[in-house]
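Engineer: Following this line is final18.tsv, made up of TSV, C-alpha atoms:
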```tsv
chain	number	residue	atom	x	y	z
A	1032	MET	CA	42.02	65.26	-27.97
A	1033	THR	CA	42.29	68.15	-30.44
A	1034	ASP	CA	41.83	71.66	-29.05
A	1035	ILE	CA	38.81	72.78	-31.05
A	1036	GLN	CA	38.90	76.48	-30.10
A	1037	PRO	CA	41.25	77.49	-32.97
A	1038	ILE	CA	38.88	75.76	-35.39
A	1039	LEU	CA	35.90	77.61	-33.97
A	1040	ASP	CA	37.80	80.91	-34.01
A	1041	ARG	CA	38.73	80.47	-37.68
A	1042	THR	CA	35.14	79.60	-38.52
A	1043	LEU	CA	33.87	82.71	-36.76
A	1044	ALA	CA	36.44	84.73	-38.71
A	1045	GLY	CA	34.87	83.51	-41.94
A	1046	GLU	CA	37.37	80.85	-42.93
A	1047	ARG	CA	36.06	77.72	-44.62
A	1048	MET	CA	36.35	74.59	-42.51
A	1049	THR	CA	38.46	71.70	-43.80
A	1050	THR	CA	37.39	68.07	-43.63
A	1051	ASP	CA	40.05	67.41	-40.97
A	1052	GLU	CA	38.61	70.22	-38.86
A	1053	CYS	CA	35.10	68.87	-39.42
A	1054	THR	CA	36.29	65.48	-38.22
A	1055	ALA	CA	37.86	67.01	-35.12
A	1056	LEU	CA	34.59	68.74	-34.19
A	1057	LEU	CA	32.51	65.60	-34.69
A	1058	GLU	CA	34.93	63.65	-32.50
A	1059	SER	CA	34.88	66.33	-29.79
A	1060	TYR	CA	32.69	66.29	-26.69
A	1061	GLU	CA	32.65	70.11	-26.48
A	1062	ILE	CA	29.05	70.26	-27.64
A	1063	ALA	CA	28.26	73.51	-25.81
A	1064	ARG	CA	31.10	75.43	-27.46
A	1065	ILE	CA	30.33	74.02	-30.89
A	1066	GLY	CA	26.65	74.80	-30.44
A	1067	ALA	CA	27.34	78.38	-29.36
A	1068	VAL	CA	29.34	79.05	-32.52
A	1069	ALA	CA	26.68	77.40	-34.68
A	1070	ASP	CA	24.10	79.64	-33.01
A	1071	GLU	CA	26.23	82.69	-33.79
A	1072	ILE	CA	26.61	81.69	-37.44
A	1073	ARG	CA	22.84	81.10	-37.62
A	1074	LYS	CA	22.30	84.58	-36.19
A	1075	ARG	CA	24.55	86.18	-38.79
A	1076	LYS	CA	22.60	84.55	-41.60
A	1077	HIS	CA	19.22	85.22	-39.98
A	1078	PRO	CA	19.68	88.42	-37.94
A	1079	GLU	CA	15.96	89.02	-37.39
A	1080	ASP	CA	15.76	86.03	-35.01
A	1081	VAL	CA	12.89	84.58	-37.03
A	1082	VAL	CA	12.36	80.82	-37.01
A	1083	THR	CA	10.23	79.46	-39.80
A	1084	TYR	CA	7.92	76.47	-40.21
A	1085	ILE	CA	5.75	75.14	-43.01
A	1086	ILE	CA	2.23	73.73	-43.16
A	1087	ASP	CA	2.22	70.77	-45.50
A	1088	ARG	CA	1.78	67.03	-45.38
A	1089	ASN	CA	3.61	63.99	-46.66
A	1090	ILE	CA	1.56	62.06	-49.19
A	1091	ASN	CA	2.88	58.64	-50.13
A	1092	TYR	CA	1.34	57.76	-53.47
A	1093	THR	CA	2.39	54.11	-53.24
A	1094	ASN	CA	4.17	51.78	-50.85
A	1095	VAL	CA	5.15	49.38	-53.63
A	1096	CYS	CA	8.93	49.26	-53.93
A	1097	ASN	CA	11.19	47.05	-56.00
A	1098	VAL	CA	14.33	47.56	-53.89
A	1099	VAL	CA	15.14	46.58	-50.33
A	1100	CYS	CA	16.40	49.14	-47.82
A	1101	THR	CA	17.05	47.50	-44.48
A	1102	PHE	CA	16.39	50.75	-42.60
A	1103	CYS	CA	12.85	51.11	-44.05
A	1104	ALA	CA	9.68	49.76	-42.44
A	1105	PHE	CA	7.34	51.42	-44.96
A	1106	TYR	CA	7.98	49.63	-48.24
A	1107	ARG	CA	6.10	46.56	-49.54
A	1108	ARG	CA	7.36	44.26	-52.25
A	1109	PRO	CA	5.29	44.07	-55.47
A	1110	GLY	CA	2.48	41.58	-55.04
A	1111	ALA	CA	2.33	41.82	-51.24
A	1112	PRO	CA	-1.24	41.80	-49.87
A	1113	ASP	CA	-1.06	45.24	-48.23
A	1114	THR	CA	0.29	47.23	-51.17
A	1115	TYR	CA	-1.51	50.33	-52.41
A	1116	VAL	CA	-1.47	53.08	-55.03
A	1117	ARG	CA	-3.37	56.23	-54.06
A	1118	THR	CA	-6.07	57.37	-56.47
A	1119	ILE	CA	-6.22	60.95	-57.71
A	1120	ASP	CA	-9.37	61.45	-55.62
A	1121	GLU	CA	-7.56	60.28	-52.48
A	1122	ILE	CA	-4.63	62.58	-53.16
A	1123	CYS	CA	-6.93	65.53	-53.86
A	1124	GLN	CA	-8.79	64.92	-50.61
A	1125	LYS	CA	-5.52	65.10	-48.71
A	1126	ILE	CA	-4.56	68.32	-50.54
A	1127	ASP	CA	-7.94	69.87	-49.74
A	1128	GLU	CA	-7.42	69.07	-46.05
A	1129	THR	CA	-3.97	70.68	-46.20
A	1130	ILE	CA	-5.28	73.85	-47.81
A	1131	ALA	CA	-8.02	74.08	-45.17
A	1132	LEU	CA	-5.29	74.23	-42.50
A	1133	GLY	CA	-3.44	77.03	-44.29
A	1134	GLY	CA	-1.04	74.75	-46.13
A	1135	THR	CA	0.91	75.87	-49.16
A	1136	GLY	CA	2.10	72.55	-50.59
A	1137	VAL	CA	2.66	68.84	-50.21
A	1138	LEU	CA	5.72	66.64	-50.02
A	1139	MET	CA	4.78	63.64	-52.15
A	1140	GLN	CA	6.95	60.56	-52.41
A	1141	GLY	CA	6.53	56.85	-52.87
A	1142	GLY	CA	8.23	53.54	-53.27
A	1143	LEU	CA	10.15	52.66	-56.43
A	1144	HIS	CA	7.27	51.13	-58.37
A	1145	PRO	CA	8.45	48.76	-61.12
A	1146	ASP	CA	5.63	49.74	-63.51
A	1147	PHE	CA	5.65	53.55	-63.29
A	1148	GLY	CA	7.41	55.21	-66.21
A	1149	ILE	CA	7.70	58.94	-66.65
A	1150	GLU	CA	4.23	59.24	-68.20
A	1151	TRP	CA	2.60	58.14	-64.92
A	1152	TYR	CA	4.35	60.93	-63.03
A	1153	GLU	CA	3.59	63.51	-65.73
A	1154	ASP	CA	-0.11	62.64	-65.68
A	1155	LEU	CA	-0.20	62.93	-61.88
A	1156	LEU	CA	1.53	66.32	-61.88
A	1157	ARG	CA	-0.56	67.77	-64.72
A	1158	THR	CA	-3.78	66.70	-63.06
A	1159	LEU	CA	-2.83	68.24	-59.73
A	1160	ARG	CA	-1.47	71.44	-61.25
A	1161	ALA	CA	-4.68	71.92	-63.26
A	1162	LYS	CA	-6.80	71.60	-60.12
A	1163	TYR	CA	-4.44	73.46	-57.74
A	1164	PRO	CA	-2.49	75.95	-59.91
A	1165	ASN	CA	-0.96	77.85	-56.96
A	1166	PHE	CA	-0.23	74.85	-54.76
A	1167	GLN	CA	3.44	73.80	-54.45
A	1168	LEU	CA	4.20	70.22	-55.51
A	1169	HIS	CA	7.41	69.29	-53.67
A	1170	CYS	CA	7.63	65.75	-54.96
A	1171	PHE	CA	9.68	62.60	-55.50
A	1172	SER	CA	13.35	62.09	-54.60
A	1173	PRO	CA	16.60	61.16	-56.35
A	1174	PRO	CA	15.94	57.39	-56.01
A	1175	GLU	CA	12.52	57.86	-57.61
A	1176	ILE	CA	14.05	59.89	-60.44
A	1177	HIS	CA	16.70	57.19	-60.88
A	1178	ASN	CA	13.91	54.59	-61.02
A	1179	ILE	CA	12.19	56.57	-63.79
A	1180	HIS	CA	15.54	56.64	-65.60
A	1181	LEU	CA	15.82	52.85	-65.39
A	1182	ILE	CA	12.24	52.28	-66.59
A	1183	SER	CA	11.96	54.99	-69.25
A	1184	GLY	CA	15.56	55.04	-70.46
A	1185	LEU	CA	15.81	58.84	-70.22
A	1186	ASP	CA	18.69	60.82	-68.77
A	1187	TYR	CA	18.17	62.72	-65.54
A	1188	GLU	CA	18.06	66.16	-67.11
A	1189	THR	CA	15.41	65.15	-69.65
A	1190	ILE	CA	13.33	63.62	-66.87
A	1191	MET	CA	13.57	66.74	-64.74
A	1192	THR	CA	12.71	69.02	-67.67
A	1193	ARG	CA	9.58	67.01	-68.42
A	1194	LEU	CA	8.50	66.82	-64.78
A	1195	LYS	CA	9.05	70.55	-64.36
A	1196	GLU	CA	6.89	71.25	-67.42
A	1197	ALA	CA	4.21	68.94	-65.99
A	1198	GLY	CA	4.05	70.92	-62.74
A	1199	LEU	CA	6.83	69.82	-60.40
A	1200	TYR	CA	7.76	72.73	-58.11
A	1201	SER	CA	10.81	71.37	-56.27
A	1202	LEU	CA	12.46	68.12	-55.23
A	1203	PRO	CA	12.89	66.77	-51.67
A	1204	GLY	CA	16.29	65.52	-50.61
A	1205	GLY	CA	15.18	62.05	-49.56
A	1206	GLY	CA	17.19	58.94	-50.24
A	1207	ALA	CA	20.54	60.50	-49.36
A	1208	GLU	CA	21.01	58.64	-46.09
A	1209	ILE	CA	24.84	58.66	-46.04
A	1210	LEU	CA	26.46	59.65	-49.33
A	1211	ASP	CA	29.23	57.10	-49.12
A	1212	ASP	CA	28.87	53.79	-50.92
A	1213	GLU	CA	30.84	51.92	-48.27
A	1214	VAL	CA	27.77	52.47	-46.09
A	1215	ARG	CA	25.04	52.53	-48.75
A	1216	GLN	CA	25.94	49.16	-50.24
A	1217	ARG	CA	25.31	47.53	-46.87
A	1218	VAL	CA	21.84	49.00	-46.32
A	1219	ALA	CA	20.21	49.82	-49.67
A	1220	THR	CA	20.21	49.09	-53.40
A	1221	LYS	CA	18.20	52.05	-54.72
A	1222	CYS	CA	20.95	54.35	-56.06
A	1223	THR	CA	24.60	55.09	-55.49
A	1224	SER	CA	26.00	58.26	-53.95
A	1225	GLU	CA	27.08	59.55	-57.36
A	1226	GLU	CA	23.65	58.82	-58.84
A	1227	TRP	CA	21.96	60.76	-56.02
A	1228	LEU	CA	24.28	63.71	-56.64
A	1229	ALA	CA	23.83	63.47	-60.42
A	1230	VAL	CA	20.05	63.67	-60.04
A	1231	MET	CA	20.37	66.75	-57.85
A	1232	ARG	CA	22.76	68.33	-60.34
A	1233	ALA	CA	20.13	67.79	-63.06
A	1234	VAL	CA	17.40	69.21	-60.81
A	1235	HIS	CA	19.38	72.40	-60.33
A	1236	ARG	CA	20.39	72.65	-64.00
A	1237	VAL	CA	16.76	72.79	-65.13
A	1238	GLY	CA	16.08	75.62	-62.69
A	1239	LEU	CA	14.44	73.76	-59.80
A	1240	ARG	CA	15.50	73.92	-56.17
A	1241	SER	CA	15.82	71.04	-53.73
A	1242	THR	CA	16.72	70.20	-50.17
A	1243	ALA	CA	19.63	68.07	-48.96
A	1244	THR	CA	19.34	65.54	-46.16
A	1245	MET	CA	21.35	63.15	-44.03
A	1246	MET	CA	20.19	60.13	-42.05
A	1247	PHE	CA	22.98	58.91	-39.81
A	1248	GLY	CA	23.30	56.07	-37.36
A	1249	ILE	CA	23.00	53.29	-39.97
A	1250	GLY	CA	26.42	51.80	-39.29
A	1251	ASP	CA	28.26	54.89	-40.50
A	1252	LYS	CA	31.28	56.39	-38.78
A	1253	VAL	CA	32.53	59.97	-38.52
A	1254	VAL	CA	34.59	59.57	-41.69
A	1255	HIS	CA	31.45	58.71	-43.68
A	1256	ARG	CA	29.52	61.64	-42.27
A	1257	VAL	CA	32.31	64.02	-43.20
A	1258	ARG	CA	32.40	62.66	-46.75
A	1259	HIS	CA	28.64	63.20	-46.96
A	1260	LEU	CA	28.96	66.83	-45.89
A	1261	GLN	CA	31.85	67.40	-48.32
A	1262	ARG	CA	29.82	66.07	-51.25
A	1263	ILE	CA	26.84	68.25	-50.37
A	1264	ARG	CA	29.07	71.33	-50.02
A	1265	ASP	CA	30.84	70.65	-53.30
A	1266	LEU	CA	27.58	70.33	-55.23
A	1267	GLN	CA	26.22	73.47	-53.60
A	1268	ASP	CA	29.38	75.31	-54.65
A	1269	GLU	CA	28.71	74.12	-58.19
A	1270	THR	CA	24.95	74.75	-58.48
A	1271	GLY	CA	23.66	76.75	-55.50
A	1272	GLY	CA	20.44	74.77	-55.77
A	1273	PHE	CA	19.95	73.50	-52.21
A	1274	THR	CA	17.53	75.56	-50.11
A	1275	ALA	CA	18.16	73.71	-46.85
A	1276	PHE	CA	20.00	70.90	-45.08
A	1277	ILE	CA	18.09	68.49	-42.85
A	1278	PRO	CA	19.95	65.90	-40.74
A	1279	TRP	CA	18.17	63.30	-38.65
A	1280	THR	CA	18.92	60.02	-36.89
A	1281	PHE	CA	17.97	56.53	-38.03
A	1282	GLN	CA	14.74	55.27	-36.48
A	1283	ARG	CA	15.38	51.61	-35.80
A	1284	GLU	CA	12.28	50.34	-34.01
A	1285	ASN	CA	10.55	48.29	-36.74
A	1286	THR	CA	13.36	47.77	-39.25
A	1287	ALA	CA	15.60	44.89	-40.26
A	1288	LEU	CA	18.67	47.08	-39.86
A	1289	GLY	CA	17.55	48.10	-36.39
A	1290	ARG	CA	17.78	44.51	-35.25
A	1291	ARG	CA	21.46	44.47	-36.20
A	1292	ILE	CA	22.52	47.94	-35.07
A	1293	LYS	CA	22.35	48.23	-31.31
A	1294	GLU	CA	24.04	51.62	-30.83
A	1295	GLU	CA	21.76	54.43	-31.88
A	1296	PRO	CA	22.71	58.13	-31.93
A	1297	THR	CA	21.88	60.09	-28.79
A	1298	GLY	CA	20.50	63.58	-28.45
A	1299	ILE	CA	24.06	64.87	-28.06
A	1300	ASP	CA	25.06	63.13	-31.29
A	1301	TYR	CA	22.16	64.80	-33.09
A	1302	LEU	CA	22.87	68.30	-31.76
A	1303	LYS	CA	26.57	67.94	-32.57
A	1304	MET	CA	25.83	66.75	-36.13
A	1305	LEU	CA	23.43	69.66	-36.66
A	1306	SER	CA	25.86	72.24	-35.27
A	1307	VAL	CA	28.86	70.98	-37.20
A	1308	SER	CA	26.76	70.84	-40.37
A	1309	ARG	CA	25.84	74.50	-39.90
A	1310	LEU	CA	29.53	75.37	-39.59
A	1311	PHE	CA	30.82	73.19	-42.41
A	1312	LEU	CA	28.05	73.86	-44.94
A	1313	ASP	CA	28.75	77.57	-45.13
A	1314	ASN	CA	26.99	77.83	-48.50
A	1315	ILE	CA	23.57	76.61	-47.31
A	1316	GLU	CA	21.30	79.16	-45.68
A	1317	ASN	CA	18.63	77.10	-43.91
A	1318	PHE	CA	18.95	74.24	-41.44
A	1319	GLN	CA	15.92	72.35	-40.24
A	1320	SER	CA	15.29	70.91	-36.80
A	1321	SER	CA	14.07	67.33	-37.05
A	1322	TRP	CA	11.59	67.30	-34.19
A	1323	LEU	CA	9.76	64.38	-35.83
A	1324	THR	CA	12.66	62.06	-35.03
A	1325	GLN	CA	14.16	63.85	-32.01
A	1326	GLY	CA	10.98	64.82	-30.17
A	1327	LEU	CA	9.49	68.25	-29.68
A	1328	LYS	CA	11.69	69.24	-26.74
A	1329	LEU	CA	15.01	68.37	-28.35
A	1330	GLY	CA	13.70	69.81	-31.60
A	1331	GLN	CA	13.23	73.10	-29.77
A	1332	VAL	CA	16.75	72.95	-28.31
A	1333	ALA	CA	18.08	72.51	-31.86
A	1334	LEU	CA	17.05	76.10	-32.54
A	1335	ARG	CA	20.02	77.16	-30.40
A	1336	PHE	CA	22.37	74.73	-32.12
A	1337	GLY	CA	22.25	76.11	-35.64
A	1338	ALA	CA	18.71	75.40	-36.86
A	1339	ASN	CA	16.55	78.28	-38.09
A	1340	ASP	CA	13.54	76.24	-39.17
A	1341	MET	CA	11.17	73.84	-37.40
A	1342	GLY	CA	10.02	72.07	-40.55
A	1343	SER	CA	6.45	70.97	-41.01
A	1344	ILE	CA	3.57	70.58	-38.61
A	1345	MET	CA	3.44	67.15	-40.28
A	1346	ILE	CA	-0.27	66.68	-40.87
A	1347	GLU	CA	0.60	63.25	-42.21
A	1348	GLU	CA	3.84	61.26	-42.29
A	1349	ASN	CA	4.11	57.55	-42.95
A	1350	VAL	CA	7.69	56.55	-43.68
A	1351	VAL	CA	9.65	57.62	-40.59
A	1352	SER	CA	6.68	56.91	-38.31
A	1353	ALA	CA	6.55	53.35	-39.66
A	1354	ALA	CA	10.08	52.94	-38.31
A	1355	GLY	CA	9.15	54.13	-34.83
A	1356	ALA	CA	8.94	57.96	-34.73
A	1357	HIS	CA	5.54	58.97	-33.42
A	1358	ASN	CA	5.90	62.63	-32.49
A	1359	ARG	CA	3.11	65.00	-33.52
A	1360	ALA	CA	2.56	68.76	-33.40
A	1361	GLU	CA	0.03	71.33	-34.52
A	1362	GLU	CA	0.75	74.86	-35.66
A	1363	LYS	CA	-0.07	76.34	-32.27
A	1364	MET	CA	2.49	74.07	-30.62
A	1365	LEU	CA	5.30	74.83	-33.04
A	1366	ARG	CA	4.72	78.57	-32.70
A	1367	PHE	CA	4.79	78.24	-28.90
A	1368	LEU	CA	8.04	76.26	-28.95
A	1369	ILE	CA	9.65	78.82	-31.25
A	1370	ARG	CA	8.60	81.73	-29.02
A	1371	GLU	CA	9.82	79.98	-25.87
A	1372	ALA	CA	13.23	79.53	-27.50
A	1373	GLY	CA	13.41	83.30	-27.96
A	1374	PHE	CA	12.44	83.59	-31.62
A	1375	LEU	CA	9.62	84.99	-33.74
A	1376	PRO	CA	7.60	82.23	-35.44
A	1377	GLN	CA	6.93	82.69	-39.15
A	1378	GLN	CA	5.11	80.45	-41.59
A	1379	ARG	CA	6.96	79.92	-44.88
A	1380	ASP	CA	6.53	78.10	-48.17
A	1381	ILE	CA	8.80	75.42	-49.63
A	1382	LEU	CA	11.28	78.03	-50.93
A	1383	TYR	CA	11.45	79.74	-47.52
A	1384	ARG	CA	9.38	82.72	-48.61
A	1385	ARG	CA	7.21	84.10	-45.83
A	1386	VAL	CA	3.50	83.32	-45.78
A	1387	HIS	CA	1.06	85.70	-44.12
A	1388	ARG	CA	-2.41	84.58	-43.05
A	1389	GLU	CA	-4.96	86.69	-41.22
A	1390	GLU	CA	-5.88	83.87	-38.87
A	1391	LEU	CA	-2.30	83.75	-37.53
A	1392	SER	CA	-3.16	86.73	-35.33
A	1393	ALA	CA	-5.08	84.27	-33.17
A	1394	PHE	CA	-1.74	82.77	-32.11
A	1395	ALA	CA	-0.20	86.11	-31.11
A	1396	LYS	CA	-1.07	85.72	-27.42
A	1397	VAL	CA	-1.18	81.96	-27.23
A	1398	GLU	CA	-1.51	80.34	-23.83
A	1399	ASP	CA	1.00	77.67	-22.88
A	1400	PRO	CA	-0.21	74.52	-24.67
A	1401	THR	CA	0.24	71.12	-23.11
A	1402	LEU	CA	3.54	69.74	-24.35
A	1403	THR	CA	3.14	66.05	-24.97
A	1404	GLU	CA	5.24	63.61	-26.89
A	1405	SER	CA	4.18	60.12	-27.79
A	1406	SER	CA	7.73	59.03	-28.51
A	1407	PRO	CA	9.39	56.36	-26.36
A	1408	ALA	CA	11.28	57.47	-23.29
A	1409	THR	CA	14.56	56.81	-25.05
A	1410	ILE	CA	15.87	59.53	-27.34
A	1411	ASN	CA	15.54	58.47	-30.97
```
Could you render the structure as structure tokens?
Structural biologist:
Amino acid sequence: MTDIQPILDRTLAGERMTTDECTALLESYEIARIGAVADEIRKRKHPEDVVTYIIDRNINYTNVCNVVCTFCAFYRRPGAPDTYVRTIDEICQKIDETIALGGTGVLMQGGLHPDFGIEWYEDLLRTLRAKYPNFQLHCFSPPEIHNIHLISGLDYETIMTRLKEAGLYSLPGGGAEILDDEVRQRVATKCTSEEWLAVMRAVHRVGLRSTATMMFGIGDKVVHRVRHLQRIRDLQDETGGFTAFIPWTFQRENTALGRRIKEEPTGIDYLKMLSVSRLFLDNIENFQSSWLTQGLKLGQVALRFGANDMGSIMIEENVVSAAGAHNRAEEKMLRFLIREAGFLPQQRDILYRRVHREELSAFAKVEDPTLTESSPATIN
């Protein structure tokens, strides 16, 4: 087994980690040492010991999808009896509920609908921007943009320019899974690794920001995870457009892939992946704890393994929960967990700018809330 201390020492000295060193850390069992260095790097980038969170919700405008991803329990094939497309009134009602809770934006995504060209998305964005001019529309994903490209025949940069003009604020990093086609071709048909990266390059070129994600445990090995991180780091070197990196583990409960894959990542696997990502992706400032998939308690522990953000209170989430993740939290709970980990809780918007609300003073002396998780006893 490789002695990882020289790698950690070089990283602390400011040297950029190589892919071989990244591989050695991911194959190591020295999770405490790796986590301690990730915590130190987090502290250097965020010296005020502030941990952020956002109030938003996930709105899925349709569950109709013309591709098959074996890890997804959310999608429905066109013509299925339980398909839907949300009306503008339904979407506006969800936005109104979000604003009432102090929310600053929505994350809106959907299936790859075979009939939705770019005009459908432009109309949706223009309507919402006209009604909510200061509300942040963090919408769609690279596979959805690629789907628009296939339907409308437009290049990615033209699509992103038009969506930006219609009101798009930023793009989520969904659909990345593992950016290695050796893995992707076995589990999905929605877009290749290079297409995902090309969409993100176009997003950044038109002046929008986005997040980057990783879902691991879908039959991938360490070599695939390292390639994923390398591709994210390379694109960030080129564009600087990623605001955050968000890794999480595959939720297998109700999926076709889950019936084939019997070994799921453990809590240690998750914390190691998060920590190593913090060390390897030295050009990304924010790392999010995925408490939705890991549970509130492990999500809190992640704050000492490189994460500086607790993500959303998740008013609504349909995709990951359809696959078996059922954790829930309210703002009071997230603020409590952040404080108990030794940090100052701070609401933020989608671009990690701080949000200040008068009513937050009510949480200043919060009593210990009851910590409950509705997730299964096994760590997902």
Engineer: Write out as a PyMOL selection string each polymer residue whose atoms come within 9 Å of Val1332 (chain A), counting only C-alpha atoms; drop sequence neighbours fewer than 6 positions from it.
Structural biologist: chain A and resi 1302+1320+1372
Engineer: Could you work out how far CA of Ile1277 (chain A) lies from CA of Leu1138 (chain A), giving the answer in Å with one decimal?
Structural biologist: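 Distance reported for this atom pair: 14.4 Å.
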Engineer: Could you tell me how far CA of Asp1340 (chain A) lies from CA of Thr1274 (chain A), in Å and to one decimal?
Structural biologist: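 About the pair CA of Asp1340 (chain A) and CA of Thr1274 (chain A): they are 11.7 Å apart.
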Engineer: Could you work out how far CA of Ser1224 (chain A) lies from CA of Ile1209 (chain A), giving the answer in Å with one decimal?
Structural biologist: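 For CA of Ile1209 (chain A) relative to CA of Ser1224 (chain A), the distance reads 8.0 Å.
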Engineer: Using only C-alpha atoms, which residues of region 1257-1322 of chain A come within 12 Å of region 1035-1038 of chain A, and what is the closest atom pair for each, with the distance in Å to one decimal? Give it as a Markdown table, sorted by chain and residue number.
Structural biologist:
```
| residue | atom | partner | partner_atom | distance |
| --- | --- | --- | --- | --- |
| A:Val1307 | CA | A:Ile1038 | CA | 11.2 |
| A:Leu1310 | CA | A:Ile1038 | CA | 10.3 |
| A:Phe1311 | CA | A:Ile1038 | CA | 11.0 |
```
Engineer: Go ahead and save the residues from that selection, with C-alpha atoms, as a PDB file, keeping the file's coordinate frame.
Structural biologist:
```
ATOM      1  CA  VAL A1307      28.860  70.980 -37.200  1.00  0.00           C
ATOM      2  CA  LEU A1310      29.530  75.370 -39.590  1.00  0.00           C
ATOM      3  CA  PHE A1311      30.820  73.190 -42.410  1.00  0.00           C
TER       4      PHE A1311
END
```
Engineer: Report as a PyMOL selection string all protein, DNA and RNA residues lying within 9 Å of Arg1264 (chain A), evaluated on all atoms listed in the file, omitting residues in the same chain fewer than 2 positions from it.
Structural biologist: chain A and resi 1259-1262+1266-1269+1311-1315
Engineer: Dump as a tab-separated table the rows for residues of region 1134-1155 of chain A within 10 Å of region 1182-1193 of chain A: closest atom pair and distance in Å with one decimal, all atoms listed in the file counted, ordered by chain and rising residue number.
Structural biologist:
```
residue	atom	partner	partner_atom	distance
A:His1144	CA	A:Ile1182	CA	9.7
A:Pro1145	CA	A:Ile1182	CA	7.5
A:Asp1146	CA	A:Ile1182	CA	7.7
A:Phe1147	CA	A:Ile1182	CA	7.5
A:Gly1148	CA	A:Ser1183	CA	5.5
A:Ile1149	CA	A:Ser1183	CA	6.4
A:Glu1150	CA	A:Ser1183	CA	8.9
A:Tyr1152	CA	A:Arg1193	CA	9.7
A:Glu1153	CA	A:Arg1193	CA	7.4
```
Engineer: Mind checking which residues fall within 12 Å of Glu1390 (chain A), counting only C-alpha atoms, ignoring those fewer than 5 positions away in the same chain, and posting them as a PyMOL selection string?
Structural biologist: chain A and resi 1131-1133+1362-1363+1378+1395
Engineer: So, counting all atoms listed in the file, which residue among A:Ile1085, A:Ile1263, A:Ala1161, A:Leu1056 is closest to Gln1319 (chain A)?
Structural biologist: A:Ile1085
Engineer: What lies within 9 Å of Arg1236 (chain A) using all atoms listed in the file, ignoring chain neighbours under 4 positions off, as a VMD selection string?
Structural biologist: chain A and resid 1188 1231 to 1232 1270 1272
Engineer: Determine, counting only C-alpha atoms, which protein, DNA and RNA residues have an atom within 8 Å of an atom of Asp1070 (chain A); residues of the same chain fewer than 4 positions away are not included. Present the result as a VMD selection string.
Structural biologist: chain A and resid 1066 1074 1306 1334 to 1338
Engineer: Would you mind telling me which residue in A:Met1139, A:Leu1181, A:Cys1123, A:Val1257 lies nearest to Ser1201 (chain A) when using all atoms listed in the file?
Structural biologist: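 Residue with the minimum atom-to-atom distance to Ser1201 (chain A): A:Met1139.
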Engineer: Pick out the closest residue to Tyr1301 (chain A) from this set: A:Ile1179, A:Val1116, A:Met1048, A:Ile1062. Count all atoms listed in the file.
Structural biologist: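 Looking at the shortest contact to Tyr1301 (chain A), the residue is A:Ile1062.
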